[in-house]
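So this block is final22.txt, compact mmCIF, C-alpha atoms:
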# COMPACT_ATOMS: atom_id res chain seq x y z
CA MET A 422 20.91 32.19 3.18
CA LYS A 423 18.42 30.44 0.95
CA LYS A 424 15.70 28.39 2.65
CA VAL A 425 15.27 24.78 1.61
CA VAL A 426 12.66 22.35 2.94
CA LEU A 427 13.95 18.80 3.19
CA ALA A 428 11.55 15.85 3.16
CA TYR A 429 13.04 14.28 6.28
CA SER A 430 12.55 10.82 7.79
CA GLY A 431 15.51 10.56 10.17
CA GLY A 432 17.03 7.73 8.13
CA LEU A 433 20.50 7.62 6.66
CA ASP A 434 19.82 9.39 3.35
CA THR A 435 17.98 12.35 4.84
CA SER A 436 20.42 12.60 7.76
CA TYR A 437 23.22 12.94 5.20
CA CYS A 438 21.20 15.58 3.35
CA VAL A 439 20.79 17.79 6.43
CA LYS A 440 24.57 17.93 6.93
CA TYR A 441 25.44 18.32 3.27
CA LEU A 442 22.84 20.99 2.52
CA SER A 443 23.75 23.10 5.53
CA GLU A 444 27.53 22.68 5.69
CA GLU A 445 28.57 22.07 2.08
CA MET A 446 25.94 24.14 0.27
CA GLY A 447 25.39 26.82 2.92
CA LEU A 448 21.61 26.51 2.92
CA GLU A 449 19.16 27.15 5.73
CA VAL A 450 17.63 23.71 6.17
CA TYR A 451 14.05 23.23 7.35
CA THR A 452 13.34 19.55 7.97
CA ALA A 453 9.77 18.36 7.60
CA LEU A 454 8.57 14.86 8.42
CA ALA A 455 5.24 14.11 6.74
CA ASN A 456 3.83 11.41 9.00
CA THR A 457 1.55 8.89 7.29
CA GLY A 458 0.90 6.97 10.49
CA GLY A 459 4.09 5.00 10.93
CA PHE A 460 5.60 6.68 13.99
CA THR A 461 4.89 6.73 17.72
CA PRO A 462 5.09 10.04 19.63
CA GLY A 463 8.38 8.87 21.14
CA GLU A 464 9.86 8.09 17.74
CA LEU A 465 8.78 11.48 16.40
CA ALA A 466 10.44 13.23 19.35
CA GLY A 467 13.66 11.31 18.72
CA ILE A 468 13.65 12.18 15.03
CA GLU A 469 13.16 15.87 15.84
CA GLU A 470 16.05 15.81 18.31
CA LYS A 471 18.35 14.26 15.70
CA ALA A 472 17.31 16.83 13.08
CA TYR A 473 18.40 19.70 15.29
CA ALA A 474 21.62 17.89 16.24
CA LEU A 475 22.44 17.55 12.54
CA GLY A 476 22.04 21.27 11.99
CA ALA A 477 18.42 21.87 10.95
CA LYS A 478 17.24 25.48 11.34
CA LYS A 479 13.74 24.24 12.19
CA HIS A 480 11.96 20.88 12.28
CA VAL A 481 8.23 20.20 11.92
CA THR A 482 6.06 17.09 11.89
CA LEU A 483 3.20 17.26 9.40
CA ASP A 484 0.51 14.71 10.24
CA VAL A 485 -1.23 13.65 7.04
CA THR A 486 -2.51 10.26 8.27
CA GLY A 487 -6.17 11.25 8.10
CA GLU A 488 -5.82 12.70 4.61
CA TYR A 489 -3.92 9.60 3.49
CA TYR A 490 -6.70 7.30 4.71
CA GLU A 491 -9.62 9.31 3.34
CA LYS A 492 -8.08 10.05 -0.05
CA CYS A 493 -6.16 6.85 -0.70
CA ILE A 494 -6.16 3.89 1.71
CA LYS A 495 -9.94 3.70 1.71
CA TYR A 496 -9.98 3.27 -2.06
CA MET A 497 -7.16 0.73 -2.01
CA ILE A 498 -9.33 -1.36 0.31
CA PHE A 499 -12.38 -0.90 -1.91
CA GLY A 500 -10.25 -2.05 -4.87
CA ASN A 501 -8.38 -4.85 -3.03
CA VAL A 502 -5.24 -3.28 -4.48
CA LEU A 503 -2.16 -5.51 -4.45
CA ARG A 504 0.54 -4.68 -6.97
CA ASN A 505 1.61 -7.83 -8.82
CA LYS A 506 -0.87 -9.64 -6.54
CA THR A 507 1.62 -9.21 -3.69
CA TYR A 508 2.38 -5.69 -2.50
CA PRO A 509 -0.28 -3.45 -0.88
CA VAL A 510 1.29 -0.32 -2.46
CA SER A 511 2.44 0.88 0.95
CA VAL A 512 5.33 3.33 0.51
CA SER A 513 4.37 3.90 -3.13
CA SER A 514 1.03 5.47 -2.24
CA GLU A 515 2.11 7.47 0.81
CA ARG A 516 4.91 9.32 -1.02
CA THR A 517 2.42 11.50 -2.91
CA PHE A 518 0.75 12.68 0.29
CA GLN A 519 4.11 13.30 1.92
CA ALA A 520 5.27 15.34 -1.06
CA LEU A 521 2.06 17.39 -1.12
CA ALA A 522 2.43 18.18 2.59
CA ILE A 523 6.06 19.23 2.06
CA VAL A 524 5.02 21.57 -0.75
CA ARG A 525 2.30 23.19 1.38
CA TYR A 526 4.75 23.78 4.23
CA ALA A 527 7.44 25.15 1.89
CA LYS A 528 4.98 27.70 0.53
CA GLU A 529 3.93 28.71 4.05
CA ILE A 530 7.49 29.64 5.05
CA GLY A 531 8.48 31.12 1.71
CA ALA A 532 11.13 28.53 0.89
CA ASP A 533 13.39 28.88 -2.14
CA GLY A 534 13.87 25.17 -2.71
CA LEU A 535 12.75 21.64 -1.96
CA ALA A 536 15.01 18.67 -1.24
CA HIS A 537 14.71 14.92 -0.80
CA GLY A 538 17.14 12.07 -0.15
CA SER A 539 16.09 9.66 -2.88
CA THR A 540 18.72 7.82 -4.87
CA GLY A 541 18.93 7.87 -8.65
CA ALA A 542 17.88 4.26 -9.18
CA GLY A 543 14.49 4.01 -7.49
CA ASN A 544 10.88 5.13 -7.75
CA ASP A 545 10.81 7.70 -4.95
CA GLN A 546 12.89 10.22 -6.88
CA VAL A 547 10.14 10.35 -9.53
CA ARG A 548 7.35 10.58 -6.97
CA PHE A 549 8.91 13.54 -5.15
CA ASP A 550 10.21 15.27 -8.27
CA LEU A 551 6.91 14.98 -10.11
CA CYS A 552 4.84 16.35 -7.24
CA PHE A 553 7.32 19.15 -6.53
CA SER A 554 7.50 20.19 -10.19
CA VAL A 555 3.70 20.17 -10.66
CA PHE A 556 2.67 21.94 -7.44
CA ALA A 557 5.75 24.12 -6.80
CA PRO A 558 7.30 24.76 -10.23
CA GLU A 559 8.91 27.96 -8.97
CA MET A 560 11.08 26.12 -6.43
CA GLU A 561 14.45 24.50 -7.07
CA ILE A 562 14.67 20.74 -6.42
CA ILE A 563 17.90 19.66 -4.68
CA THR A 564 18.87 15.98 -4.41
CA PRO A 565 22.41 15.40 -3.02
CA THR A 566 22.21 11.60 -2.67
CA ARG A 567 21.14 11.23 -6.28
CA ASP A 568 23.41 13.86 -7.77
CA LEU A 569 26.55 12.60 -6.00
CA LYS A 570 25.70 8.92 -6.69
CA LEU A 571 26.39 8.00 -3.09
CA SER A 572 26.34 4.53 -1.57
CA ARG A 573 25.09 3.95 1.97
CA GLU A 574 28.68 3.27 3.05
CA GLU A 575 29.83 6.63 1.66
CA GLU A 576 27.03 8.46 3.46
CA ILE A 577 27.93 6.77 6.75
CA ALA A 578 31.61 7.65 6.29
CA TYR A 579 30.70 11.31 5.65
CA LEU A 580 28.51 11.53 8.75
CA LYS A 581 31.21 9.90 10.86
CA SER A 582 33.71 12.46 9.60
CA LYS A 583 31.34 15.18 10.84
CA GLY A 584 31.21 13.66 14.30
CA VAL A 585 27.73 12.17 13.98
CA GLU A 586 27.35 9.17 16.25
CA ARG A 587 24.65 6.58 15.59
CA ASP A 588 24.13 2.84 15.76
CA TRP A 589 25.29 2.41 12.17
CA SER A 590 24.46 -1.31 12.17
CA LYS A 591 20.76 -0.42 12.29
CA MET A 592 21.21 1.73 9.22
CA ALA A 593 22.25 -1.29 7.15
CA TYR A 594 18.57 -1.50 6.18
CA SER A 595 16.39 1.20 4.68
CA ILE A 596 13.08 1.08 6.56
CA ASN A 597 10.06 3.19 5.64
CA LYS A 598 7.14 2.98 8.05
CA GLY A 599 3.58 4.05 7.40
CA LEU A 600 0.01 3.19 8.39
CA TRP A 601 -0.34 0.95 5.34
CA GLY A 602 2.85 -1.05 5.79
CA THR A 603 6.62 -0.93 6.18
CA SER A 604 9.14 -1.46 3.39
CA VAL A 605 12.54 -2.99 4.14
CA GLY A 606 15.49 -2.71 1.78
CA GLY A 607 19.01 -4.02 2.26
CA LYS A 608 21.87 -5.78 0.54
CA GLU A 609 19.77 -8.94 0.30
CA THR A 610 17.14 -7.23 -1.84
CA LEU A 611 19.72 -5.98 -4.35
CA ASN A 612 19.91 -9.43 -5.95
CA SER A 613 17.40 -12.09 -6.94
CA TRP A 614 18.56 -14.93 -4.67
CA GLU A 615 18.98 -13.80 -1.07
CA TYR A 616 16.22 -13.01 1.40
CA LEU A 617 15.94 -10.66 4.35
CA PRO A 618 16.93 -12.08 7.74
CA GLU A 619 14.56 -12.15 10.70
CA GLU A 620 16.23 -9.18 12.38
CA ALA A 621 15.64 -6.93 9.36
CA TYR A 622 11.91 -6.78 10.04
CA PRO A 623 10.56 -4.29 12.60
CA SER A 624 8.21 -6.85 14.21
CA SER A 625 9.12 -10.22 15.68
CA LEU A 626 7.13 -13.39 16.32
CA GLU A 627 5.63 -13.24 19.80
CA LYS A 628 2.97 -15.96 19.80
CA GLU A 629 2.47 -19.64 19.06
CA GLY A 630 -0.56 -21.81 18.34
CA GLU A 631 -3.46 -19.99 16.68
CA GLU A 632 -5.96 -17.22 17.32
CA GLU A 633 -9.20 -16.16 15.66
CA LEU A 634 -10.57 -12.68 15.13
CA ILE A 635 -13.55 -11.16 13.34
CA LEU A 636 -13.20 -8.20 11.00
CA SER A 637 -16.47 -6.38 10.34
CA PHE A 638 -17.08 -4.02 7.43
CA GLU A 639 -19.73 -1.39 6.73
CA ARG A 640 -19.99 -0.27 3.09
CA GLY A 641 -16.49 -1.56 2.47
CA GLU A 642 -14.79 0.15 5.43
CA LEU A 643 -13.43 -1.71 8.44
CA CYS A 644 -15.55 -0.58 11.42
CA TRP A 645 -15.31 -3.36 14.03
CA VAL A 646 -12.50 -5.61 15.23
CA ASN A 647 -13.63 -8.53 17.39
CA GLY A 648 -16.90 -6.73 18.03
CA GLU A 649 -15.26 -3.50 19.18
CA CYS A 650 -16.55 -0.50 17.25
CA TYR A 651 -14.08 2.00 15.76
CA THR A 652 -15.49 5.31 14.53
CA ASP A 653 -11.90 6.23 13.70
CA LYS A 654 -11.01 3.85 10.86
CA ILE A 655 -7.31 4.56 11.33
CA GLU A 656 -7.48 3.16 14.85
CA ALA A 657 -9.23 0.06 13.50
CA ILE A 658 -6.30 -0.53 11.14
CA ARG A 659 -3.83 -0.02 13.98
CA ARG A 660 -5.71 -2.52 16.13
CA VAL A 661 -5.50 -5.18 13.42
CA GLU A 662 -1.81 -4.41 12.97
CA ALA A 663 -1.16 -4.84 16.69
CA LEU A 664 -2.96 -8.19 16.75
CA ALA A 665 -1.49 -9.58 13.53
CA SER A 666 2.09 -8.33 13.83
CA ALA A 667 2.47 -10.37 17.01
CA TRP A 668 2.16 -13.41 14.73
CA ALA A 669 4.76 -11.93 12.30
CA ILE A 670 2.08 -11.93 9.59
CA GLY A 671 2.39 -9.93 6.38
CA ARG A 672 6.02 -10.42 5.39
CA ASP A 673 6.91 -10.84 1.75
CA THR A 674 9.20 -9.61 -1.01
CA HIS A 675 7.81 -7.55 -3.86
CA VAL A 676 9.40 -7.84 -7.29
CA GLY A 677 8.21 -5.52 -10.03
CA ASP A 678 8.92 -3.01 -12.74
CA THR A 679 10.03 0.40 -11.54
CA ILE A 680 8.95 3.70 -13.04
CA VAL A 681 12.47 4.17 -14.43
CA GLY A 682 12.30 0.90 -16.37
CA ILE A 683 14.38 -1.55 -14.34
CA LYS A 684 13.29 -4.46 -12.18
CA GLY A 685 13.16 -3.73 -8.46
CA ARG A 686 12.98 -5.89 -5.34
CA VAL A 687 12.02 -4.84 -1.82
CA GLY A 688 10.94 -6.58 1.35
CA PHE A 689 7.89 -5.44 3.26
CA GLU A 690 5.83 -6.09 6.35
CA ALA A 691 2.13 -5.28 6.12
CA ALA A 692 0.09 -7.41 8.51
CA ALA A 693 -3.01 -5.22 8.70
CA PRO A 694 -3.15 -4.24 5.00
CA LEU A 695 -2.90 -7.81 3.73
CA MET A 696 -5.41 -9.18 6.23
CA ILE A 697 -7.90 -6.35 5.67
CA ILE A 698 -7.66 -6.53 1.88
CA LYS A 699 -8.09 -10.30 1.77
CA ALA A 700 -10.99 -10.24 4.24
CA HIS A 701 -12.66 -7.44 2.28
CA GLU A 702 -12.16 -9.32 -0.98
CA LEU A 703 -13.80 -12.45 0.46
CA LEU A 704 -16.77 -10.40 1.66
CA GLU A 705 -17.12 -8.96 -1.84
CA LYS A 706 -17.16 -12.45 -3.36
CA HIS A 707 -20.33 -13.03 -1.36
CA THR A 708 -21.99 -9.64 -1.84
CA LEU A 709 -21.13 -8.41 -5.36
CA THR A 710 -22.24 -9.72 -8.73
CA LYS A 711 -19.92 -11.42 -11.20
CA TRP A 712 -19.63 -8.31 -13.38
CA GLN A 713 -19.10 -5.95 -10.46
CA MET A 714 -16.19 -8.13 -9.39
CA TYR A 715 -14.81 -8.27 -12.92
CA TRP A 716 -14.83 -4.54 -13.62
CA LYS A 717 -13.61 -3.69 -10.12
CA GLU A 718 -10.58 -5.88 -10.72
CA GLN A 719 -9.77 -4.15 -14.02
CA LEU A 720 -10.09 -0.60 -12.69
CA ALA A 721 -8.46 -1.34 -9.34
CA ASN A 722 -5.44 -2.77 -11.15
CA TRP A 723 -5.06 0.52 -13.02
CA TYR A 724 -5.62 2.48 -9.81
CA GLY A 725 -2.83 0.62 -8.04
CA MET A 726 -0.50 1.01 -11.02
CA PHE A 727 -1.10 4.76 -11.23
CA LEU A 728 -0.55 5.15 -7.47
CA HIS A 729 2.73 3.26 -7.77
CA GLU A 730 3.87 5.32 -10.74
CA ALA A 731 3.23 8.77 -9.20
CA MET A 732 0.05 9.44 -11.19
CA TYR A 733 -2.28 10.12 -8.25
CA GLY A 734 -2.93 13.61 -9.70
CA GLU A 735 -4.30 12.21 -12.96
CA PRO A 736 -8.04 13.14 -13.10
CA VAL A 737 -9.05 9.61 -14.10
CA MET A 738 -8.11 8.52 -10.57
CA ARG A 739 -11.08 10.50 -9.20
CA ASN A 740 -13.34 8.74 -11.73
CA ILE A 741 -12.10 5.32 -10.62
CA GLU A 742 -12.58 6.28 -6.96
CA SER A 743 -16.22 7.19 -7.67
CA PHE A 744 -16.78 3.79 -9.25
CA LEU A 745 -15.06 1.91 -6.43
CA LYS A 746 -17.06 3.76 -3.77
CA ASP A 747 -20.34 3.05 -5.54
CA THR A 748 -19.65 -0.71 -5.58
CA GLN A 749 -19.42 -0.79 -1.77
CA ARG A 750 -23.12 -0.16 -1.12
CA TYR A 751 -23.78 -3.72 0.08
CA VAL A 752 -20.27 -4.75 1.15
CA SER A 753 -21.16 -5.07 4.82
CA GLY A 754 -20.69 -8.01 7.17
CA ASP A 755 -18.29 -10.06 9.25
CA VAL A 756 -15.25 -12.03 8.12
CA ARG A 757 -13.76 -14.74 10.32
CA VAL A 758 -9.96 -15.00 10.27
CA ARG A 759 -7.54 -17.45 11.87
CA MET A 760 -3.98 -16.29 12.64
CA ARG A 761 -0.96 -18.54 12.97
CA PRO A 762 2.80 -17.83 13.02
CA TYR A 763 3.70 -16.01 9.77
CA CYS A 764 0.31 -16.63 8.11
CA PHE A 765 -3.47 -16.30 8.30
CA GLU A 766 -6.49 -17.95 6.67
CA LEU A 767 -10.02 -16.79 5.98
CA LEU A 768 -12.66 -19.07 7.47
CA GLY A 769 -16.05 -17.64 6.57
CA VAL A 770 -18.40 -14.72 6.02
CA ARG A 771 -21.64 -13.56 7.64
CA SER A 772 -23.64 -10.83 5.87
CA ASP A 773 -27.26 -9.74 5.37
CA HIS A 774 -26.31 -9.14 1.74
CA ASP A 775 -24.78 -12.58 1.09
CA LEU A 776 -25.79 -13.61 -2.45
CA MET A 777 -25.08 -17.22 -1.59
CA ASP A 778 -28.74 -17.50 -0.58
CA ALA A 779 -29.93 -21.08 0.07
CA THR A 780 -33.56 -20.10 -0.59
CA PHE A 781 -32.73 -20.18 -4.33
CA ALA A 782 -30.31 -23.06 -4.58
CA CYS A 783 -27.49 -24.85 -2.80
CA TYR A 784 -24.51 -25.34 -5.13
CA GLY A 785 -23.91 -28.98 -5.98
CA GLU A 786 -26.87 -30.18 -3.89
CA GLU A 787 -30.34 -28.92 -4.82
CA ASN A 788 -32.12 -26.08 -6.58
CA LYS A 789 -35.44 -24.39 -5.83
CA ALA A 790 -35.44 -21.80 -8.61
CA TRP A 791 -35.62 -23.93 -11.80
CA THR A 792 -36.75 -27.29 -13.09
CA ALA A 793 -34.85 -29.99 -14.94
CA GLU A 794 -36.62 -28.98 -18.16
CA ASP A 795 -35.61 -25.34 -17.58
CA MET A 796 -32.00 -26.49 -17.34
CA LYS A 797 -32.17 -28.52 -20.53
CA GLY A 798 -33.51 -25.52 -22.44
CA PHE A 799 -30.93 -23.20 -20.89
CA THR A 800 -28.05 -25.49 -21.89
CA ARG A 801 -29.44 -25.87 -25.43
CA MET A 802 -29.60 -22.10 -25.94
CA LEU A 803 -26.19 -21.55 -24.31
CA SER A 804 -24.62 -24.07 -26.68
CA MET A 805 -26.14 -22.56 -29.85
CA PRO A 806 -23.20 -20.32 -30.94
CA LEU A 807 -20.75 -23.22 -30.52
CA ARG A 808 -23.02 -25.64 -32.34
CA VAL A 809 -23.31 -23.25 -35.30
CA TYR A 810 -19.55 -22.62 -35.41
CA HIS A 811 -18.56 -26.28 -35.33
CA ALA A 812 -21.27 -27.30 -37.80
CA VAL A 813 -20.14 -24.68 -40.33
CA ASN A 814 -16.46 -25.50 -39.93
CA GLU A 815 -16.75 -29.26 -39.48
CA LYS A 816 -14.81 -30.13 -42.64
CA SER A 817 -11.98 -27.64 -42.13
CA GLU A 818 -11.54 -28.09 -38.39
CA GLU A 819 -9.02 -30.69 -37.26
CA GLY A 820 -10.44 -30.70 -33.76
CA LEU A 821 -10.05 -28.57 -30.66
Could you rewrite the structure in this file as structure tokens?
Amino acid sequence: MKKVVLAYSGGLDTSYCVKYLSEEMGLEVYTALANTGGFTPGELAGIEEKAYALGAKKHVTLDVTGEYYEKCIKYMIFGNVLRNKTYPVSVSSERTFQALAIVRYAKEIGADGLAHGSTGAGNDQVRFDLCFSVFAPEMEIITPTRDLKLSREEEIAYLKSKGVERDWSKMAYSINKGLWGTSVGGKETLNSWEYLPEEAYPSSLEKEGEEELILSFERGELCWVNGECYTDKIEAIRRVEALASAWAIGRDTHVGDTIVGIKGRVGFEAAAPLMIIKAHELLEKHTLTKWQMYWKEQLANWYGMFLHEAMYGEPVMRNIESFLKDTQRYVSGDVRVRMRPYCFELLGVRSDHDLMDATFACYGEENKAWTAEDMKGFTRMLSMPLRVYHAVNEKSEEGL
């Protein structure tokens, strides 16, 4: 029997694939879950149990959370990356690291093929296919859900016919969990009008009133939460997630252009990513120059787009990462945040590198660095190009 490694999550699509690949195609199925930080030990144990019950020859969990943070999340924070100013590129970015881990495992066991459960209408098919074809060109790529054009209802019916018993109501939504956020897809996200119900989200509102916390950064990385030091940056992110998700913070719907050219819509929950990015961005407003901020925004926008569109392997991404890292030299300090049900607000910043230094001037109040005559001369020189233009074109111009 040929060996095939299936990128497995325990969800509906990959559960279908285990059954179909083993029973309909006669393949020896090795399921591999590449964990990017979205599962508890108990959840991982449950997923493994289900894989074997479905007919997997062997199941493994590949923990790539550390690699994902060091090679990707860190730079998304440095760049304040939000696709279409909304989505923290959660699932989009983790797919590459999951695919790379699957390829490494497949080579270790001498697999003949690679499989995934992506449909034919989304981005994930491109992300897995591209990585598999670049780093394991000798292996066949098998994609039953895509090739058979299956709906979720058809997959459920097939699994039921094979005697698989699950709480099928929970599978009405496609949920992808990771350290950097959770995506939620369902019938409501297939059109432009409806919105996801409360029960579709993995977290629920647990608190009322308001609560403050302080996020502290060192060279752009989150190192302290409410004064507690975290040498493990992943644990710092998890701590923020635990605090913020209790307020049901970080829910939104992302609408954007897919890699395959159509518009796509997906719900997501990303309490920690959104809060960390926005806090980091505010700290940068105080510690970076105008042109550092400008060029960071341009390059970070490209970085996020390339991550989303499966281009992490493009060499220019390493160049952008070098730039982003270099800008973080003085991005250190505390950011004060207030949390409320479903939202948060940034209250202030405290940093030794704050460029809003009152020893030079206080905006709108007083200055200590120039005189009134200095200002008159500055304005006269600044206006010179406009004065020349309007003087030369006075007769032909009809006004602004």
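Take atom CA of Val510 of chain A and atom CA of Glu642 of chain A: the distance between them is 17.9 Å.
Counting only C-alpha atoms, the residue from A:Asn740, A:Thr652, A:Asn597, A:Thr517 that sits nearest to Gly688 of chain A is A:Asn597.
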- Query: Within 8 Å of His537 of chain A, counting only C-alpha atoms, which residues qualify if same-chain residues fewer than 2 places away don't, as a ChimeraX atom specification?
  - Reply: /A:427-429,435,438,535,539,546,549,563-564
- Task: Could you give me, as an NGL selection string, the residues that have an atom at most 12 Å away from the point (-0.5, -2.8, -5.2) in the coordinates of the file, using only C-alpha atoms?
- Result: :A and (494 or 496-498 or 500-514 or 601-602 or 675-677 or 691 or 694-695 or 698 or 718 or 721-730)
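The smallest atom-to-atom distance between Val605 of chain A and any of A:Met560, A:Val687, A:Ala453, A:Cys644, using only C-alpha atoms, is found for A:Val687.
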Counting all atoms listed in the file, what are the residues of segment 721-795 of chain A within 9 Å of segment 619-633 of chain A, and for each of them which pair of atoms is the nearest and at what distance in Å, to one decimal? Sort the table by chain and rising number, as JSON lines.
{"residue": "A:Arg757", "atom": "CA", "partner": "A:Glu633", "partner_atom": "CA", "distance": 7.2}
{"residue": "A:Val758", "atom": "CA", "partner": "A:Glu633", "partner_atom": "CA", "distance": 5.6}
{"residue": "A:Arg759", "atom": "CA", "partner": "A:Glu633", "partner_atom": "CA", "distance": 4.3}
{"residue": "A:Met760", "atom": "CA", "partner": "A:Glu632", "partner_atom": "CA", "distance": 5.2}
{"residue": "A:Arg761", "atom": "CA", "partner": "A:Glu631", "partner_atom": "CA", "distance": 4.7}
{"residue": "A:Pro762", "atom": "CA", "partner": "A:Glu629", "partner_atom": "CA", "distance": 6.3}
{"residue": "A:Tyr763", "atom": "CA", "partner": "A:Leu626", "partner_atom": "CA", "distance": 7.8}
Surrounding residues of Glu574 of chain A excluding itself and chain neighbours under 2 positions, 10 Å, all atoms listed in the file, as an mmCIF file with C-alpha atoms, keeping the file's coordinate frame:
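Result saved to around.cif:
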data_model
loop_
_atom_site.group_PDB
_atom_site.id
_atom_site.type_symbol
_atom_site.label_atom_id
_atom_site.label_comp_id
_atom_site.auth_asym_id
_atom_site.auth_seq_id
_atom_site.Cartn_x
_atom_site.Cartn_y
_atom_site.Cartn_z
ATOM 1 C CA LEU A 433 20.500 7.620 6.660
ATOM 2 C CA LEU A 571 26.390 8.000 -3.090
ATOM 3 C CA SER A 572 26.340 4.530 -1.570
ATOM 4 C CA GLU A 576 27.030 8.460 3.460
ATOM 5 C CA ILE A 577 27.930 6.770 6.750
ATOM 6 C CA ALA A 578 31.610 7.650 6.290
ATOM 7 C CA TYR A 579 30.700 11.310 5.650
ATOM 8 C CA TRP A 589 25.290 2.410 12.170
ATOM 9 C CA MET A 592 21.210 1.730 9.220
ATOM 10 C CA ALA A 593 22.250 -1.290 7.150
#
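From atom CA of Asn647 of chain A back to atom CA of Ile635 of chain A, the distance works out to 4.8 Å.
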- With a distance cut-off of 12 Å and all atoms listed in the file, select the neighbouring residues of Pro462 of chain A, excluding the residue or stretch itself and same-chain residues fewer than 5 positions from it, and output the selection as a PyMOL selection string. chain A and resi 456+467-469+482+484
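For the pair atom CA of Ala542 of chain A and atom CA of Ser604 of chain A, the interatomic distance is 16.3 Å.
The residue that comes closest to Leu551 of chain A, out of A:Thr710, A:Ile680, A:Glu705, A:Glu445 and on the basis of all atoms listed in the file, is A:Ile680.
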- Restricting to all atoms listed in the file, whichever of A:Val425, A:Val485, A:Leu636, A:Val809 is closest to Gly531 of chain A is A:Val425
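With only C-alpha atoms as the atoms that count, the minimum distance from Ser743 of chain A to the choices A:Asp775, A:Ala812, A:Ala731, A:Lys492 is reached by A:Lys492.
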Generate N, CA, C and O atoms for segment 698-709 of chain A and emit them as an mmCIF file, keeping the file's coordinate frame.
data_model
loop_
_atom_site.group_PDB
_atom_site.id
_atom_site.type_symbol
_atom_site.label_atom_id
_atom_site.label_comp_id
_atom_site.auth_asym_id
_atom_site.auth_seq_id
_atom_site.Cartn_x
_atom_site.Cartn_y
_atom_site.Cartn_z
ATOM 1 N N ILE A 698 -7.351 -6.404 3.308
ATOM 2 C CA ILE A 698 -7.660 -6.530 1.880
ATOM 3 C C ILE A 698 -8.233 -7.901 1.567
ATOM 4 O O ILE A 698 -9.246 -8.028 0.859
ATOM 5 N N LYS A 699 -7.617 -8.951 2.075
ATOM 6 C CA LYS A 699 -8.090 -10.300 1.770
ATOM 7 C C LYS A 699 -9.453 -10.584 2.399
ATOM 8 O O LYS A 699 -10.298 -11.255 1.796
ATOM 9 N N ALA A 700 -9.679 -10.074 3.609
ATOM 10 C CA ALA A 700 -10.990 -10.240 4.240
ATOM 11 C C ALA A 700 -12.054 -9.477 3.472
ATOM 12 O O ALA A 700 -13.164 -9.979 3.232
ATOM 13 N N HIS A 701 -11.730 -8.259 3.066
ATOM 14 C CA HIS A 701 -12.660 -7.440 2.280
ATOM 15 C C HIS A 701 -12.972 -8.113 0.949
ATOM 16 O O HIS A 701 -14.131 -8.141 0.502
ATOM 17 N N GLU A 702 -11.966 -8.653 0.310
ATOM 18 C CA GLU A 702 -12.160 -9.320 -0.980
ATOM 19 C C GLU A 702 -13.089 -10.525 -0.837
ATOM 20 O O GLU A 702 -13.952 -10.757 -1.687
ATOM 21 N N LEU A 703 -12.928 -11.304 0.239
ATOM 22 C CA LEU A 703 -13.800 -12.450 0.460
ATOM 23 C C LEU A 703 -15.241 -11.998 0.681
ATOM 24 O O LEU A 703 -16.185 -12.603 0.151
ATOM 25 N N LEU A 704 -15.420 -10.931 1.433
ATOM 26 C CA LEU A 704 -16.770 -10.400 1.660
ATOM 27 C C LEU A 704 -17.401 -9.969 0.341
ATOM 28 O O LEU A 704 -18.601 -10.198 0.104
ATOM 29 N N GLU A 705 -16.601 -9.371 -0.537
ATOM 30 C CA GLU A 705 -17.120 -8.960 -1.840
ATOM 31 C C GLU A 705 -17.520 -10.148 -2.702
ATOM 32 O O GLU A 705 -18.483 -10.075 -3.475
ATOM 33 N N LYS A 706 -16.800 -11.252 -2.599
ATOM 34 C CA LYS A 706 -17.160 -12.450 -3.360
ATOM 35 C C LYS A 706 -18.571 -12.912 -3.016
ATOM 36 O O LYS A 706 -19.253 -13.522 -3.840
ATOM 37 N N HIS A 707 -18.995 -12.628 -1.802
ATOM 38 C CA HIS A 707 -20.330 -13.030 -1.360
ATOM 39 C C HIS A 707 -21.391 -11.974 -1.625
ATOM 40 O O HIS A 707 -22.586 -12.311 -1.663
ATOM 41 N N THR A 708 -20.999 -10.714 -1.784
ATOM 42 C CA THR A 708 -21.990 -9.640 -1.840
ATOM 43 C C THR A 708 -22.061 -8.888 -3.166
ATOM 44 O O THR A 708 -23.002 -8.115 -3.375
ATOM 45 N N LEU A 709 -21.110 -9.086 -4.063
ATOM 46 C CA LEU A 709 -21.130 -8.410 -5.360
ATOM 47 C C LEU A 709 -21.461 -9.399 -6.476
ATOM 48 O O LEU A 709 -21.268 -10.611 -6.341
#
